[in-house]
Amino acid sequence: MRKPWILALLVIGCAALLNLPHAAGAKNQDPEQSRIARGYQIAPVPLNLKGRNRALVGLGSYIVNAQGGCNDCHTNPPYAPGGDPFLGQPEHINTAGYLAGGMEFGPVVSANITPDDEGKPAGVTYQEFKTYLRNGHDPDDPDEILQVMPWPVYGKMTDHDLRAIYEYLSAIPSIGPHEE
């Protein structure tokens with residue numbers, strides 16, 4: 001006569017074997033790929049992908065739109081009329097002013113971080129962008145440290161993530177004048 005625990009072990013073993021392909025697929029899936037795909041899903045504006053690294057653009061969109069909250073400070077107003085989730089409305093980003101700056105924080109006004117005529121976000125090179133996010137020095141006045149921008153947090157990001165943000169910002173539509 002067979003013992004009941006042997007049958008239980010066989011059932012558990014078969015269940016585990018049936019789950020192996022699913023578990024292996026989940027284990028081998030690149031988590032960055034899901035962030036890239038989600039970045040494309042949530043990008044509120046059309047993207048210019050010509051000559052750009054598509055993976056970095058998607059990842060940058062994910063960081064900017066799902067993690068960084070860049071729209072909250074760099075779009076004035078952040079939400080279109082009737083689309084403010086903080087008022088219980090279905091979210092609708094102000095795409096007409098998306099990341100074009102102009103939000104006032106006392107004496108500080110957020111910068112336009114859309115691409116300039118040369119395609120450079122905020123009119124700066126990637127190296128300048130990375131430096132600003134690492135050390136917080138105001139690009140318009142290098143002796144001043146940015147007081148509202150959360151650069152101490154963003155500056156801890158990897159170079160890869162900062163590059164992704166820059167690549168995404170270079171792919172969004174240019175809006176309005178850019179300060180030189």
# chains A, B, ... in the order shown; residues from 1 in each chain; ligands from 1

$ select_by_dssp --residues "region 3-138 of chain A" --states "helix (DSSP H, G or I)" --output "ChimeraX atom specification"
/A:4-28,31-42,54-67,70-74,85-87,95-97,126-135

$ residues_around --residues "Leu146 (chain A)" --least-positions-apart "3" --cutoff "7 Å" --atoms "only C-alpha atoms" --output "PyMOL selection string"
chain A and resi 136-138+149

$ select_by_dssp --residues "chain A" --states "strand (DSSP E)" --output "PyMOL selection string"
chain A and resi 104-105+108-109+137-138+141-145

$ closest_residue --among "A:Val45, A:Gln89, A:Ser110, A:Phe129" --to "Ser174 (chain A)" --atoms "only C-alpha atoms"
A:Val45

$ residues_around --residues "Ile93 (chain A)" --least-positions-apart "5" --cutoff "8 Å" --atoms "only C-alpha atoms" --output "PDB file with C-alpha atoms, in the first residue's frame"
ATOM      1  CA  PRO A  44       1.757  62.057 -23.428  1.00  0.00           C
ATOM      2  CA  PRO A  78       0.557  70.404 -15.477  1.00  0.00           C
ATOM      3  CA  TYR A  79      -2.945  69.261 -16.436  1.00  0.00           C
ATOM      4  CA  ALA A  80      -5.362  70.324 -19.164  1.00  0.00           C
ATOM      5  CA  GLY A  83      -7.948  66.655 -16.483  1.00  0.00           C
ATOM      6  CA  TYR A  98       4.391  69.792 -21.865  1.00  0.00           C
TER       7      TYR A  98
END

$ closest_residue --among "A:Met157, A:Leu169, A:Val64, A:Leu133" --to "Ile113 (chain A)" --atoms "only C-alpha atoms"
A:Leu169

$ residues_around --residues "Gly101 (chain A)" --least-positions-apart "4" --cutoff "7 Å" --atoms "only C-alpha atoms" --output "ChimeraX atom specification"
/A:74-76,110-113

$ closest_residue --among "A:Ile172, A:Ile145, A:Ala66, A:Leu87" --to "Gly119 (chain A)" --atoms "only C-alpha atoms"
A:Ile172

$ residues_around --residues "region 49-55 of chain A" --least-positions-apart "5" --cutoff "9 Å" --atoms "only C-alpha atoms" --output "PyMOL selection string"
chain A and resi 33+36-37+60+164+167-168+170-171

$ decode --residues "region 26-132 of chain A" --atoms "C-alpha atoms" --output "PDB file, in the first residue's frame"
ATOM      1  CA  ALA A  26       9.550  35.487 -15.734  1.00  0.00           C
ATOM      2  CA  LYS A  27      13.014  35.025 -14.280  1.00  0.00           C
ATOM      3  CA  ASN A  28      14.723  35.622 -17.630  1.00  0.00           C
ATOM      4  CA  GLN A  29      12.576  38.598 -18.628  1.00  0.00           C
ATOM      5  CA  ASP A  30      14.562  41.819 -18.603  1.00  0.00           C
ATOM      6  CA  PRO A  31      12.804  44.158 -16.149  1.00  0.00           C
ATOM      7  CA  GLU A  32      14.059  47.147 -18.125  1.00  0.00           C
ATOM      8  CA  GLN A  33      12.062  45.944 -21.146  1.00  0.00           C
ATOM      9  CA  SER A  34       8.809  46.298 -19.224  1.00  0.00           C
ATOM     10  CA  ARG A  35       9.805  49.826 -18.161  1.00  0.00           C
ATOM     11  CA  ILE A  36      10.652  50.722 -21.772  1.00  0.00           C
ATOM     12  CA  ALA A  37       7.313  49.392 -23.008  1.00  0.00           C
ATOM     13  CA  ARG A  38       5.432  51.223 -20.252  1.00  0.00           C
ATOM     14  CA  GLY A  39       7.343  54.410 -21.084  1.00  0.00           C
ATOM     15  CA  TYR A  40       5.985  54.318 -24.613  1.00  0.00           C
ATOM     16  CA  GLN A  41       2.462  53.641 -23.337  1.00  0.00           C
ATOM     17  CA  ILE A  42       2.460  56.665 -21.043  1.00  0.00           C
ATOM     18  CA  ALA A  43       4.301  59.213 -23.196  1.00  0.00           C
ATOM     19  CA  PRO A  44       1.757  62.057 -23.428  1.00  0.00           C
ATOM     20  CA  VAL A  45       3.155  63.597 -26.620  1.00  0.00           C
ATOM     21  CA  PRO A  46       4.266  62.248 -30.011  1.00  0.00           C
ATOM     22  CA  LEU A  47       7.931  61.296 -30.064  1.00  0.00           C
ATOM     23  CA  ASN A  48      10.511  61.945 -32.763  1.00  0.00           C
ATOM     24  CA  LEU A  49      12.502  58.708 -32.831  1.00  0.00           C
ATOM     25  CA  LYS A  50      14.577  59.499 -35.912  1.00  0.00           C
ATOM     26  CA  GLY A  51      18.241  58.912 -35.111  1.00  0.00           C
ATOM     27  CA  ARG A  52      17.510  58.168 -31.453  1.00  0.00           C
ATOM     28  CA  ASN A  53      18.091  55.122 -29.299  1.00  0.00           C
ATOM     29  CA  ARG A  54      14.551  53.734 -28.981  1.00  0.00           C
ATOM     30  CA  ALA A  55      15.256  51.783 -25.806  1.00  0.00           C
ATOM     31  CA  LEU A  56      16.659  54.884 -24.092  1.00  0.00           C
ATOM     32  CA  VAL A  57      13.701  57.017 -25.238  1.00  0.00           C
ATOM     33  CA  GLY A  58      11.220  54.500 -23.798  1.00  0.00           C
ATOM     34  CA  LEU A  59      13.132  54.175 -20.538  1.00  0.00           C
ATOM     35  CA  GLY A  60      13.481  57.955 -20.321  1.00  0.00           C
ATOM     36  CA  SER A  61       9.729  58.365 -20.767  1.00  0.00           C
ATOM     37  CA  TYR A  62       9.164  55.893 -17.946  1.00  0.00           C
ATOM     38  CA  ILE A  63      11.527  57.786 -15.630  1.00  0.00           C
ATOM     39  CA  VAL A  64      10.169  61.248 -16.565  1.00  0.00           C
ATOM     40  CA  ASN A  65       6.485  60.322 -16.559  1.00  0.00           C
ATOM     41  CA  ALA A  66       6.188  57.527 -13.970  1.00  0.00           C
ATOM     42  CA  GLN A  67       8.994  58.171 -11.508  1.00  0.00           C
ATOM     43  CA  GLY A  68      10.375  61.681 -11.795  1.00  0.00           C
ATOM     44  CA  GLY A  69       7.193  63.741 -11.775  1.00  0.00           C
ATOM     45  CA  CYS A  70       8.851  66.215 -14.154  1.00  0.00           C
ATOM     46  CA  ASN A  71       5.489  67.349 -15.536  1.00  0.00           C
ATOM     47  CA  ASP A  72       4.402  68.664 -12.122  1.00  0.00           C
ATOM     48  CA  CYS A  73       7.034  71.403 -12.144  1.00  0.00           C
ATOM     49  CA  HIS A  74       8.049  71.827 -15.769  1.00  0.00           C
ATOM     50  CA  THR A  75       4.555  72.143 -17.325  1.00  0.00           C
ATOM     51  CA  ASN A  76       2.364  75.177 -16.606  1.00  0.00           C
ATOM     52  CA  PRO A  77      -0.282  74.111 -15.729  1.00  0.00           C
ATOM     53  CA  PRO A  78       0.557  70.404 -15.477  1.00  0.00           C
ATOM     54  CA  TYR A  79      -2.945  69.261 -16.436  1.00  0.00           C
ATOM     55  CA  ALA A  80      -5.362  70.324 -19.164  1.00  0.00           C
ATOM     56  CA  PRO A  81      -8.711  71.816 -18.102  1.00  0.00           C
ATOM     57  CA  GLY A  82     -10.909  69.043 -16.738  1.00  0.00           C
ATOM     58  CA  GLY A  83      -7.948  66.655 -16.483  1.00  0.00           C
ATOM     59  CA  ASP A  84      -6.510  67.313 -13.012  1.00  0.00           C
ATOM     60  CA  PRO A  85      -6.405  64.062 -11.004  1.00  0.00           C
ATOM     61  CA  PHE A  86      -5.894  66.081  -7.809  1.00  0.00           C
ATOM     62  CA  LEU A  87      -9.415  67.420  -8.354  1.00  0.00           C
ATOM     63  CA  GLY A  88     -10.828  63.923  -8.907  1.00  0.00           C
ATOM     64  CA  GLN A  89     -10.822  64.299 -12.689  1.00  0.00           C
ATOM     65  CA  PRO A  90      -9.446  61.737 -15.162  1.00  0.00           C
ATOM     66  CA  GLU A  91      -5.818  62.652 -15.786  1.00  0.00           C
ATOM     67  CA  HIS A  92      -5.104  64.592 -18.953  1.00  0.00           C
ATOM     68  CA  ILE A  93      -1.611  66.101 -19.267  1.00  0.00           C
ATOM     69  CA  ASN A  94      -1.334  69.621 -20.676  1.00  0.00           C
ATOM     70  CA  THR A  95       0.361  68.520 -23.893  1.00  0.00           C
ATOM     71  CA  ALA A  96       0.309  72.046 -25.330  1.00  0.00           C
ATOM     72  CA  GLY A  97       2.782  73.147 -22.650  1.00  0.00           C
ATOM     73  CA  TYR A  98       4.391  69.792 -21.865  1.00  0.00           C
ATOM     74  CA  LEU A  99       7.728  70.420 -20.113  1.00  0.00           C
ATOM     75  CA  ALA A 100       7.969  73.979 -21.481  1.00  0.00           C
ATOM     76  CA  GLY A 101       8.470  75.420 -17.981  1.00  0.00           C
ATOM     77  CA  GLY A 102       6.901  78.516 -16.528  1.00  0.00           C
ATOM     78  CA  MET A 103       5.712  77.208 -13.137  1.00  0.00           C
ATOM     79  CA  GLU A 104       6.414  79.780 -10.438  1.00  0.00           C
ATOM     80  CA  PHE A 105       7.807  78.730  -7.088  1.00  0.00           C
ATOM     81  CA  GLY A 106       8.171  82.067  -5.322  1.00  0.00           C
ATOM     82  CA  PRO A 107      10.990  83.879  -7.108  1.00  0.00           C
ATOM     83  CA  VAL A 108      11.965  80.729  -9.048  1.00  0.00           C
ATOM     84  CA  VAL A 109      10.395  79.802 -12.404  1.00  0.00           C
ATOM     85  CA  SER A 110      10.812  76.297 -13.817  1.00  0.00           C
ATOM     86  CA  ALA A 111      12.856  75.927 -16.983  1.00  0.00           C
ATOM     87  CA  ASN A 112      11.729  74.921 -20.433  1.00  0.00           C
ATOM     88  CA  ILE A 113      13.336  71.495 -20.859  1.00  0.00           C
ATOM     89  CA  THR A 114      11.968  70.760 -24.342  1.00  0.00           C
ATOM     90  CA  PRO A 115      14.517  70.547 -27.174  1.00  0.00           C
ATOM     91  CA  ASP A 116      15.899  73.724 -28.715  1.00  0.00           C
ATOM     92  CA  ASP A 117      16.334  74.232 -32.473  1.00  0.00           C
ATOM     93  CA  GLU A 118      19.381  71.943 -32.391  1.00  0.00           C
ATOM     94  CA  GLY A 119      17.453  69.189 -30.576  1.00  0.00           C
ATOM     95  CA  LYS A 120      19.182  69.729 -27.228  1.00  0.00           C
ATOM     96  CA  PRO A 121      16.850  69.528 -24.201  1.00  0.00           C
ATOM     97  CA  ALA A 122      16.836  72.895 -22.409  1.00  0.00           C
ATOM     98  CA  GLY A 123      19.503  73.918 -24.940  1.00  0.00           C
ATOM     99  CA  VAL A 124      22.223  71.952 -23.144  1.00  0.00           C
ATOM    100  CA  THR A 125      24.462  69.062 -24.119  1.00  0.00           C
ATOM    101  CA  TYR A 126      24.155  65.716 -22.377  1.00  0.00           C
ATOM    102  CA  GLN A 127      27.354  66.411 -20.427  1.00  0.00           C
ATOM    103  CA  GLU A 128      25.980  69.766 -19.205  1.00  0.00           C
ATOM    104  CA  PHE A 129      22.632  68.153 -18.347  1.00  0.00           C
ATOM    105  CA  LYS A 130      24.346  65.436 -16.330  1.00  0.00           C
ATOM    106  CA  THR A 131      26.519  67.989 -14.534  1.00  0.00           C
ATOM    107  CA  TYR A 132      23.480  70.122 -13.564  1.00  0.00           C
TER     108      TYR A 132
END
